[in-house]
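Data file: work-v1.csv. Format and content: CSV, C-alpha atoms.
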```
chain,number,residue,atom,x,y,z
A,899,MET,CA,332.4,182.5,242.1
A,900,TYR,CA,329.9,185.2,241.2
A,901,SER,CA,326.8,183.2,242.1
A,902,LEU,CA,323.9,184.6,244.0
A,903,TYR,CA,324.9,182.5,247.0
A,904,ALA,CA,328.4,184.0,247.0
A,905,ARG,CA,327.1,187.5,246.8
A,906,VAL,CA,324.5,187.0,249.5
A,907,ASN,CA,327.2,185.4,251.7
A,908,ASN,CA,329.7,188.2,251.1
A,909,GLY,CA,327.1,190.9,251.7
A,910,PHE,CA,325.9,189.3,254.9
A,911,ALA,CA,329.5,188.8,256.2
A,912,PHE,CA,330.3,192.4,255.5
A,913,MET,CA,327.1,193.6,257.2
A,914,SER,CA,327.7,191.6,260.3
A,915,SER,CA,331.3,192.8,260.6
A,916,CYS,CA,330.2,196.4,260.2
A,917,LEU,CA,327.5,195.8,262.9
A,918,MET,CA,330.1,194.2,265.3
A,919,ALA,CA,332.5,197.1,264.7
A,920,MET,CA,329.8,199.6,265.4
A,921,LEU,CA,328.7,197.9,268.6
A,922,ALA,CA,332.4,197.7,269.8
A,923,ALA,CA,332.8,201.4,269.1
A,924,ILE,CA,329.6,202.2,271.1
A,925,ALA,CA,330.8,200.0,273.9
A,926,LEU,CA,334.2,201.7,274.0
A,927,SER,CA,332.7,205.2,273.7
A,928,SER,CA,331.0,204.8,277.1
A,929,PHE,CA,334.5,204.9,278.7
A,930,LEU,CA,334.8,208.5,277.6
A,931,PHE,CA,331.9,209.5,279.8
A,932,THR,CA,333.5,209.7,283.2
A,933,ALA,CA,330.8,211.5,285.2
A,934,ASP,CA,331.0,210.9,288.9
A,935,PRO,CA,328.0,212.6,290.5
A,936,LYS,CA,327.8,213.0,294.2
A,937,GLY,CA,324.7,213.4,296.4
A,938,GLN,CA,323.4,213.5,299.9
A,939,LEU,CA,322.3,210.6,302.0
A,940,THR,CA,320.9,211.1,305.5
A,941,ILE,CA,319.3,208.4,307.6
A,942,PHE,CA,316.6,208.8,310.1
A,943,ASN,CA,314.3,206.6,312.1
A,944,PHE,CA,316.9,203.9,312.3
A,945,LYS,CA,315.5,201.3,314.7
A,946,VAL,CA,316.2,197.7,315.7
A,947,TYR,CA,313.3,195.4,316.4
A,948,ALA,CA,313.1,191.8,317.4
A,949,SER,CA,311.3,189.7,314.8
A,950,ALA,CA,310.3,186.1,314.5
A,951,ASP,CA,312.2,185.0,311.4
A,952,ALA,CA,310.9,182.4,309.1
A,953,LYS,CA,314.4,181.4,308.2
A,954,ALA,CA,315.5,180.7,311.8
A,955,ASP,CA,312.8,178.4,313.0
A,956,SER,CA,310.8,180.7,315.3
A,957,ARG,CA,313.9,182.0,317.0
A,958,PHE,CA,313.8,185.8,317.5
A,959,GLN,CA,316.1,187.7,315.3
A,960,GLU,CA,317.0,191.4,315.4
A,961,ILE,CA,316.2,193.3,312.3
A,962,GLY,CA,317.1,196.9,311.5
A,963,LEU,CA,314.8,199.2,309.6
A,964,ALA,CA,315.5,202.7,308.5
A,965,ARG,CA,314.3,205.6,306.4
A,966,PHE,CA,316.6,207.5,304.1
A,967,ASN,CA,316.6,210.9,302.7
A,968,LEU,CA,318.2,210.8,299.3
A,969,THR,CA,319.1,213.7,297.1
A,970,ALA,CA,321.4,213.2,294.1
A,971,ASP,CA,321.5,214.5,290.6
A,972,LEU,CA,322.4,211.4,288.6
A,973,THR,CA,321.4,212.9,285.2
A,974,PRO,CA,325.1,213.2,284.1
A,975,LEU,CA,325.2,209.4,284.1
A,976,PHE,CA,322.7,209.2,281.3
A,977,HIS,CA,324.5,209.2,278.0
A,978,TRP,CA,323.7,207.6,274.7
A,979,ASN,CA,324.8,204.1,275.9
A,980,THR,CA,322.9,204.2,279.2
A,981,LYS,CA,320.0,201.7,279.3
A,982,GLN,CA,319.2,202.1,283.0
A,983,LEU,CA,320.6,202.9,286.4
A,984,PHE,CA,320.2,200.6,289.3
A,985,ILE,CA,320.5,202.7,292.5
A,986,TYR,CA,320.7,201.1,295.9
A,987,VAL,CA,321.4,202.0,299.6
A,988,THR,CA,323.8,199.7,301.4
A,989,ALA,CA,324.6,199.1,305.1
A,990,GLU,CA,328.1,198.0,305.9
A,991,TYR,CA,329.3,196.8,309.3
A,992,ASN,CA,331.3,194.2,311.0
A,993,ASN,CA,329.2,191.8,313.2
A,994,SER,CA,330.1,190.2,316.5
A,995,ASP,CA,332.4,187.7,314.6
A,996,GLY,CA,334.4,190.6,313.3
A,997,THR,CA,333.5,189.8,309.7
A,998,HIS,CA,332.4,192.2,307.1
A,999,ASN,CA,328.7,192.3,306.1
A,1000,GLU,CA,326.9,194.3,303.5
A,1001,VAL,CA,323.2,194.4,303.1
A,1002,THR,CA,321.0,196.3,300.7
A,1003,MET,CA,318.3,198.3,302.4
A,1004,TRP,CA,316.6,200.0,299.5
A,1005,ASP,CA,316.9,199.9,295.7
A,1006,ARG,CA,315.3,201.4,292.6
A,1007,ILE,CA,315.6,201.1,288.9
A,1008,VAL,CA,315.9,204.4,287.0
A,1009,ARG,CA,315.1,204.1,283.3
A,1010,ARG,CA,314.8,207.7,282.1
A,1011,LYS,CA,317.0,210.8,282.4
A,1012,GLU,CA,314.0,212.8,283.8
A,1013,ASP,CA,313.8,210.4,286.7
A,1014,ALA,CA,317.5,210.6,287.5
A,1015,LEU,CA,317.2,213.8,289.6
A,1016,ILE,CA,316.6,211.9,292.8
A,1017,ASP,CA,315.0,213.5,295.8
A,1018,VAL,CA,313.1,210.9,297.8
A,1019,VAL,CA,312.3,209.8,301.3
A,1020,ALA,CA,312.9,206.1,301.0
A,1021,PRO,CA,310.8,203.9,303.2
A,1022,PRO,CA,312.3,200.7,304.5
A,1023,LYS,CA,312.3,198.1,301.8
A,1024,TYR,CA,314.7,195.3,302.9
A,1025,PRO,CA,315.4,194.6,306.6
A,1026,LEU,CA,318.9,194.5,307.9
A,1027,ARG,CA,319.5,191.0,309.3
A,1028,ASP,CA,322.6,189.4,310.6
A,1029,MET,CA,323.8,185.8,310.6
A,1030,ARG,CA,324.3,186.0,314.4
A,1031,TYR,CA,320.7,187.1,314.8
A,1032,SER,CA,321.8,190.1,316.9
A,1033,PHE,CA,323.6,193.4,316.4
A,1034,LYS,CA,325.1,193.3,319.9
A,1035,LYS,CA,328.9,193.9,319.7
A,1036,SER,CA,328.6,194.9,316.1
A,1037,SER,CA,330.8,197.7,314.8
A,1038,PRO,CA,329.1,201.0,313.9
A,1039,VAL,CA,327.2,200.8,310.6
A,1040,GLN,CA,327.9,202.9,307.6
A,1041,PHE,CA,325.3,203.6,304.9
A,1042,ALA,CA,326.1,204.4,301.3
A,1043,LEU,CA,324.2,205.3,298.1
A,1044,LYS,CA,325.6,203.4,295.2
A,1045,TYR,CA,324.7,203.0,291.6
A,1046,ASN,CA,325.2,200.5,288.8
A,1047,LEU,CA,325.1,201.8,285.2
A,1048,MET,CA,323.8,199.3,282.8
A,1049,PRO,CA,324.6,200.0,279.2
A,1050,TYR,CA,322.8,199.1,275.9
A,1051,VAL,CA,325.9,197.3,275.0
A,1052,GLY,CA,329.3,196.9,276.7
A,1053,ALA,CA,330.6,196.8,280.3
A,1054,LEU,CA,328.6,197.4,283.5
A,1055,THR,CA,330.1,200.1,285.7
A,1056,TYR,CA,329.6,200.8,289.3
A,1057,GLY,CA,329.9,204.0,291.5
A,1058,GLU,CA,329.2,205.5,294.8
A,1059,ALA,CA,327.3,208.8,295.1
A,1060,ALA,CA,327.1,209.3,298.9
A,1061,ARG,CA,328.2,207.9,302.2
A,1062,THR,CA,327.2,208.6,305.8
A,1063,GLU,CA,329.4,208.7,308.9
A,1064,PRO,CA,329.6,205.4,310.8
A,1065,GLN,CA,326.9,205.3,313.5
A,1066,PRO,CA,326.3,202.7,316.3
A,1067,PHE,CA,323.4,200.4,316.2
A,1068,PRO,CA,320.5,201.7,318.4
A,1069,PRO,CA,319.3,199.5,321.2
A,1070,LYS,CA,316.4,197.1,320.5
A,1071,VAL,CA,313.1,198.9,320.9
A,1072,GLY,CA,310.5,196.1,320.7
A,1073,LYS,CA,308.9,193.3,318.9
A,1074,LEU,CA,307.7,193.4,315.3
B,320,MET,CA,318.4,169.9,242.7
B,321,PHE,CA,321.5,168.2,244.1
B,322,ALA,CA,322.4,166.5,240.8
B,323,GLU,CA,325.0,169.1,240.0
B,324,GLU,CA,326.5,169.1,243.5
B,325,LEU,CA,326.7,165.3,243.4
B,326,LYS,CA,328.4,165.5,240.1
B,327,THR,CA,331.0,167.9,241.4
B,328,MET,CA,331.5,165.7,244.4
B,329,GLN,CA,332.2,162.7,242.2
B,330,ARG,CA,334.6,164.8,240.1
B,331,LEU,CA,336.5,166.1,243.1
B,332,GLY,CA,336.7,162.7,244.7
B,333,TRP,CA,337.3,161.4,248.2
B,334,ARG,CA,340.4,163.4,248.9
B,335,HIS,CA,338.4,166.6,248.6
B,336,ILE,CA,335.6,165.4,250.9
B,337,LEU,CA,338.1,164.3,253.5
B,338,LEU,CA,339.8,167.7,253.3
B,339,GLN,CA,336.5,169.4,253.9
B,340,VAL,CA,335.7,167.2,256.8
B,341,LEU,CA,339.1,168.1,258.2
B,342,ASN,CA,338.4,171.8,257.7
B,343,PHE,CA,335.1,171.4,259.5
B,344,ALA,CA,336.8,169.6,262.4
B,345,SER,CA,339.5,172.3,262.7
B,346,VAL,CA,336.8,175.0,262.8
B,347,MET,CA,335.0,173.1,265.6
B,348,ALA,CA,338.3,172.5,267.5
B,349,SER,CA,339.3,176.2,267.3
B,350,GLY,CA,335.9,177.2,268.6
B,351,LEU,CA,336.2,174.8,271.5
B,352,MET,CA,339.8,176.1,272.2
B,353,ILE,CA,338.6,179.7,272.3
B,354,TRP,CA,335.8,178.8,274.6
B,355,LYS,CA,338.0,176.8,277.0
B,356,GLY,CA,340.8,179.5,276.8
B,357,LEU,CA,338.3,182.2,277.7
B,358,GLY,CA,337.2,180.0,280.6
B,359,LEU,CA,340.7,179.7,281.9
B,360,LEU,CA,341.3,183.5,281.6
B,361,THR,CA,338.1,184.4,283.4
B,362,ASN,CA,338.2,181.4,285.9
B,363,THR,CA,334.6,180.4,285.2
B,364,GLU,CA,333.2,177.3,283.6
B,365,SER,CA,331.1,179.3,281.2
B,366,PRO,CA,332.5,182.7,280.3
B,367,ILE,CA,329.5,183.6,278.1
B,368,VAL,CA,325.9,182.8,279.1
B,369,VAL,CA,322.5,183.5,277.5
B,370,VAL,CA,319.7,185.0,279.7
B,371,LEU,CA,316.9,182.4,279.9
B,372,SER,CA,314.4,184.1,282.1
B,373,GLY,CA,312.8,187.5,282.6
B,374,SER,CA,313.6,188.0,286.2
B,375,MET,CA,316.2,190.7,285.6
B,376,GLU,CA,313.9,192.8,283.3
B,377,PRO,CA,314.2,195.5,282.2
B,378,ALA,CA,318.0,195.1,282.4
B,379,PHE,CA,318.3,191.8,280.7
B,380,TYR,CA,315.7,190.1,278.5
B,381,ARG,CA,315.6,186.6,277.3
B,382,GLY,CA,318.3,186.0,274.7
B,383,ASP,CA,320.7,188.6,275.8
B,384,LEU,CA,324.3,187.6,276.0
B,385,LEU,CA,326.3,188.1,279.2
B,386,PHE,CA,330.1,188.0,279.6
B,387,LEU,CA,331.3,186.7,283.0
B,388,THR,CA,334.4,186.6,285.1
B,389,ASN,CA,335.0,184.9,288.4
B,390,PRO,CA,338.1,186.5,289.9
B,391,PRO,CA,339.6,184.2,292.5
B,392,GLN,CA,340.3,185.5,296.0
B,393,GLN,CA,338.1,188.5,295.5
B,394,ARG,CA,335.0,189.3,297.5
B,395,TYR,CA,331.7,189.8,295.7
B,396,ASN,CA,330.0,193.1,296.4
B,397,ILE,CA,326.4,194.1,296.7
B,398,GLY,CA,325.1,195.2,293.3
B,399,ASP,CA,327.2,192.6,291.4
B,400,ILE,CA,325.0,190.5,289.1
B,401,THR,CA,325.9,186.9,289.6
B,402,VAL,CA,325.2,183.8,287.6
B,403,TYR,CA,324.7,180.8,289.9
B,404,LYS,CA,323.8,177.2,289.7
B,405,ILE,CA,322.3,175.4,292.6
B,406,PRO,CA,323.2,171.7,292.7
B,407,GLY,CA,320.2,169.7,291.4
B,408,ALA,CA,318.8,172.7,289.4
B,409,ASP,CA,319.3,172.3,285.7
B,410,ILE,CA,319.5,175.9,284.6
B,411,PRO,CA,321.8,178.7,285.8
B,412,ILE,CA,320.1,181.8,287.2
B,413,VAL,CA,321.2,185.4,286.7
B,414,HIS,CA,320.4,187.6,289.7
B,415,ARG,CA,321.8,190.5,291.6
B,416,VAL,CA,323.5,190.3,295.0
B,417,LEU,CA,321.4,191.7,297.8
B,418,GLU,CA,323.5,190.7,300.9
B,419,THR,CA,327.0,189.6,301.4
B,420,HIS,CA,328.2,188.0,304.6
B,421,ASP,CA,331.9,187.1,305.2
B,422,VAL,CA,332.4,184.1,307.4
B,423,VAL,CA,335.4,182.7,309.2
B,424,PRO,CA,336.0,179.0,308.8
B,425,ARG,CA,334.2,177.0,311.5
B,426,LYS,CA,337.1,175.0,312.7
B,427,SER,CA,339.4,177.9,313.8
B,428,LYS,CA,339.5,178.4,317.6
B,429,ASN,CA,340.5,182.0,317.7
B,430,LYS,CA,337.7,183.4,315.5
B,431,LYS,CA,338.7,187.0,315.5
B,432,ALA,CA,342.3,186.5,314.4
B,433,VAL,CA,341.4,184.7,311.2
B,434,VAL,CA,341.0,186.7,308.1
B,435,PRO,CA,337.9,185.5,306.3
B,436,ASN,CA,338.6,183.8,303.0
B,437,PRO,CA,336.7,185.4,300.1
B,438,GLU,CA,335.9,181.9,298.9
B,439,ASP,CA,333.9,181.3,302.1
B,440,GLN,CA,331.7,184.3,301.5
B,441,LEU,CA,327.9,183.8,301.7
B,442,VAL,CA,325.6,185.9,299.4
B,443,LEU,CA,321.9,186.4,299.1
B,444,THR,CA,320.5,187.3,295.6
B,445,LYS,CA,317.4,188.7,294.2
B,446,GLY,CA,316.1,189.3,290.6
B,447,ASP,CA,315.5,193.0,289.9
B,448,ASN,CA,312.1,192.1,288.5
B,449,ASN,CA,311.1,189.7,291.4
B,450,PRO,CA,309.2,190.9,294.5
B,451,VAL,CA,311.2,188.7,296.9
B,452,ASP,CA,314.7,187.4,297.4
B,453,ASP,CA,315.9,184.0,296.2
B,454,ILE,CA,315.8,181.9,299.3
B,455,ALA,CA,313.0,179.8,297.8
B,456,LEU,CA,315.2,179.0,294.9
B,457,TYR,CA,318.1,177.8,297.0
B,458,ARG,CA,316.6,174.4,297.7
B,459,GLY,CA,316.9,174.5,301.4
B,460,LEU,CA,320.1,176.6,301.6
B,461,LYS,CA,319.7,179.8,303.5
B,462,HIS,CA,322.5,181.6,301.6
B,463,LEU,CA,324.3,181.0,298.4
B,464,GLU,CA,327.8,179.8,298.8
B,465,ARG,CA,330.6,181.0,296.6
B,466,LYS,CA,331.1,177.5,295.1
B,467,HIS,CA,327.6,177.8,293.6
B,468,VAL,CA,328.4,181.0,291.8
B,469,VAL,CA,329.6,180.6,288.2
B,470,GLY,CA,330.7,184.2,287.8
B,471,LYS,CA,329.7,187.9,287.8
B,472,VAL,CA,328.4,189.8,284.8
B,473,ARG,CA,330.9,192.2,283.4
B,474,GLY,CA,329.6,192.9,279.9
B,475,PHE,CA,326.4,192.8,278.0
B,476,LEU,CA,325.4,192.2,274.4
B,477,PRO,CA,321.7,192.3,273.6
B,478,TYR,CA,319.7,189.8,271.5
B,479,VAL,CA,322.6,187.8,270.1
B,480,GLY,CA,321.9,184.7,272.2
B,481,TYR,CA,318.3,184.4,271.0
B,482,ILE,CA,319.4,181.9,268.4
B,483,THR,CA,320.3,179.4,271.1
B,484,ILE,CA,316.9,179.9,272.7
B,485,ALA,CA,315.2,179.4,269.4
B,486,MET,CA,317.2,176.2,268.9
B,487,ASN,CA,316.2,174.9,272.3
B,488,ASP,CA,312.5,175.7,271.7
B,489,PHE,CA,312.5,174.3,268.1
B,490,PRO,CA,314.9,171.4,267.9
B,491,GLN,CA,314.2,171.0,264.2
B,492,LEU,CA,315.9,174.3,263.6
B,493,LYS,CA,319.0,173.0,265.4
B,494,TYR,CA,319.2,169.9,263.2
B,495,ALA,CA,318.4,171.9,260.0
B,496,LEU,CA,321.2,174.3,260.9
B,497,ILE,CA,323.8,171.7,261.7
B,498,GLY,CA,322.8,169.6,258.7
B,499,GLY,CA,322.9,172.6,256.4
B,500,LEU,CA,326.3,173.7,257.6
B,501,GLY,CA,327.7,170.2,257.2
B,502,LEU,CA,326.3,169.9,253.7
B,503,LEU,CA,327.6,173.3,252.7
B,504,ALA,CA,331.1,172.4,254.0
B,505,LEU,CA,331.0,169.2,251.9
B,506,VAL,CA,329.8,170.7,248.6
B,507,GLN,CA,331.6,174.0,248.7
B,508,ARG,CA,334.1,174.1,245.9
B,509,GLU,CA,336.6,176.7,247.1
```

Would you mind writing the file out in C-alpha cells?
Amino acid sequence: MYSLYARVNNGFAFMSSCLMAMLAAIALSSFLFTADPKGQLTIFNFKVYASADAKADSRFQEIGLARFNLTADLTPLFHWNTKQLFIYVTAEYNNSDGTHNEVTMWDRIVRRKEDALIDVVAPPKYPLRDMRYSFKKSSPVQFALKYNLMPYVGALTYGEAARTEPQPFPPKVGKL
Amino acid sequence: MFAEELKTMQRLGWRHILLQVLNFASVMASGLMIWKGLGLLTNTESPIVVVLSGSMEPAFYRGDLLFLTNPPQQRYNIGDITVYKIPGADIPIVHRVLETHDVVPRKSKNKKAVVPNPEDQLVLTKGDNNPVDDIALYRGLKHLERKHVVGKVRGFLPYVGYITIAMNDFPQLKYALIGGLGLLALVQRE
C-alpha cells in the first residue's frame, strides 16, 4: 500500500491531472480575449494576364495578380496564449459557372507582437486562377484580409480585419 | 526478482488473474468506445491525429496533437487547416487550405440553377512551411476532393503525441510498454 511504487504512481497521477487542469484553464482563458481589430486593405495594380499553365497541358489560362496595401494593428490579438498569427489576403468571386471561389493571394506568419503592427505593400505571392481558365463572365471580386490565431494550447480562432468593395475583373492585358 | 510476485499470483489463484484480464479488457474496450464515439460526434474517421511532419512549422511540430471535426454539409474555407489522405498514400497530411472552388455536379443540365453541394467542393492546400502548394503530393489529381479530407483542425495540444512517434521509431519501446502494462495488470494486488 505504501510502497515506493504506489507513492510514485500517486505522485505522477496527481501531477499529470494538475497539468491537464492547468492546460484546460489556459485554453479556456483565451475565450476571454475578444479583441476584434480592424485595418485597411487597398488593392492596386490588379491585372489579368494570359499564362501557359503547367496544370492545363499548355492551354493558356488567365491569371490575376495584384499588389495590396495593408495597414492593420493586430497587436491586441497577442495575449498569453497566442503562439502565432497567420494572416492572409483572399479573393472571393463567382466564376462563369456561378459557383463560389476563394483564392489566397498573399499570406504571412506573424510570430511576435512587435511584428503585428502591419503596414506593408504586399507583392503578388499566389496567382488568382480559375477552374474555367478565364475570368470572363465572372462576378466582381472582393478582397479581404483575414487572420487565424493559433494558440499554444486550445482552439484555433479565425477573424476578418478588412474587406474591399467588390470590383470587376480588369480586361486581359497580355501574356506572361 | 519476480519470485514474490509469482508467489502472490499462486496465492491469489486463477480467479484473480482472470479478473485482472477482464479489467484490462474493459479498459481497452472503453478506450475504443470513447475513440469511436468521438468519431461519430465529429464525423471523422480519426478525431485526434498526431503531426508527423514539419511542413506546418512553426505552428505545428512533430508530435503535437490535433483535434479534428468534419462537419457535414458545410463548406471548407480558406485558412482552415485540413488533414487529408490521398488514396495510395500511407500517411495523412496536415496542410492549410489555399484555394476553394465550389463545383456543380457534372450531370445537371441547367448548371446555374443547381446549388453546389459542399461535399463536391474542391480545395488546394499548402503547408505553411513549404515553398509551393501541394499539387505534387496529390498523385495526379489537380485538386483535393472533399472525400479525401479527413477533417479540419479545431484544437491543438503540444508535444503529447510524441510518445506515438517514439513508439513508431523504436518498436522495442512499444513492446516494452505493452508488456509492462500487461504484467502490471496481472500482478497488481488491489

Worksheet item: Do you know which residues are at most 12 Å from Pro391 (chain B) counting all atoms listed in the file, after dropping those on the same chain fewer than 3 positions away, and could you put them as a PyMOL selection string?
Response: chain B and resi 359-363+388+394-395+436-440+465-466+468-471

Practice prompt. Pull out every residue of chain A that has at least one atom within 9 Å of chain B, counting all atoms listed in the file, and report them as a PyMOL selection string.
Written response: chain A and resi 899+921+953+981-982+984-986+988+995-1003+1006-1007+1009+1028-1029+1044-1046+1048-1056

Fill in: Interatomic distance (Å, one decimal) between CA of Leu975 (chain A) and CA of Ser927 (chain A)
13.5 Å

Within 9 Å of Leu939 (chain A) using all atoms listed in the file, minus same-chain residues under 5 positions, as a tab-separated table (two decimals) with C-alpha atoms, in the coordinates of the input:
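Contents of result_5.tsv, freshly written:
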```tsv
chain	number	residue	atom	x	y	z
A	966	PHE	CA	316.60	207.50	304.10
A	967	ASN	CA	316.60	210.90	302.70
A	968	LEU	CA	318.20	210.80	299.30
A	969	THR	CA	319.10	213.70	297.10
A	970	ALA	CA	321.40	213.20	294.10
A	987	VAL	CA	321.40	202.00	299.60
A	1041	PHE	CA	325.30	203.60	304.90
A	1042	ALA	CA	326.10	204.40	301.30
A	1043	LEU	CA	324.20	205.30	298.10
A	1059	ALA	CA	327.30	208.80	295.10
A	1060	ALA	CA	327.10	209.30	298.90
A	1061	ARG	CA	328.20	207.90	302.20
A	1062	THR	CA	327.20	208.60	305.80
```

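With CA of Lys1070 (chain A) on one side and CA of Ala948 (chain A) on the other, the separation reads 7.0 Å.
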
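What separates CA of Lys936 (chain A) from CA of Gln1065 (chain A) is a distance of 20.8 Å.
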
Worksheet item: Taking only C-alpha atoms into account, which of A:Arg905, A:His977, A:Arg965, A:Lys1073 comes nearest Val1019 (chain A)?
Response: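 So, comparing all the options, the nearest one is A:Arg965.
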
Item to complete: For each of B:Met347, B:Leu338, B:Val479, B:Ile367, take the minimum atom-to-atom distance to Ser914 (chain A), counting all atoms listed in the file, then give the residue where this is smallest.
Response: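 Using all atoms listed in the file, the shortest distance to Ser914 (chain A) belongs to B:Val479.
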
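Compared by their closest atoms to Pro1038 (chain A), and using only C-alpha atoms, the residues A:Asp1005, A:Asn992, A:Leu1074, A:Ala919 rank with A:Asn992 nearest.
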
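Considering only C-alpha atoms, the residue among B:Asp409, B:Asp383, B:Glu464, B:Asp453 positioned nearest to Gly480 (chain B) is B:Asp383.
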
Practice prompt. With a distance cut-off of 12 Å and all atoms listed in the file, select the neighbouring residues of Ala923 (chain A), excluding the residue or stretch itself and same-chain residues fewer than 6 positions from it, and output the selection as a list in words.
Written response: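 Final neighbour list, sorted by chain and number: Cys916, Leu917, Phe929, Leu930, Asn979, Val1051 and Gly1052 of chain A.
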
Write to file, as a CSV table (one decimal), in the frame of the given file, the residues of the selection just made, with C-alpha atoms.
```csv
chain,number,residue,atom,x,y,z
A,916,CYS,CA,330.2,196.4,260.2
A,917,LEU,CA,327.5,195.8,262.9
A,929,PHE,CA,334.5,204.9,278.7
A,930,LEU,CA,334.8,208.5,277.6
A,979,ASN,CA,324.8,204.1,275.9
A,1051,VAL,CA,325.9,197.3,275.0
A,1052,GLY,CA,329.3,196.9,276.7
```

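Of the residues listed (B:Leu502, B:Ile497, B:Leu463, B:Met352), B:Leu463 shows the shortest atom-to-atom separation from Val402 (chain B); distances use only C-alpha atoms.
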
Worksheet item: Which residue, A:Asp934, A:Glu960, A:Glu990, A:Asp1017, has the smallest gap to Phe976 (chain A) when you use only C-alpha atoms?
Response: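 The answer is A:Asp934, which sits nearest to Phe976 (chain A).
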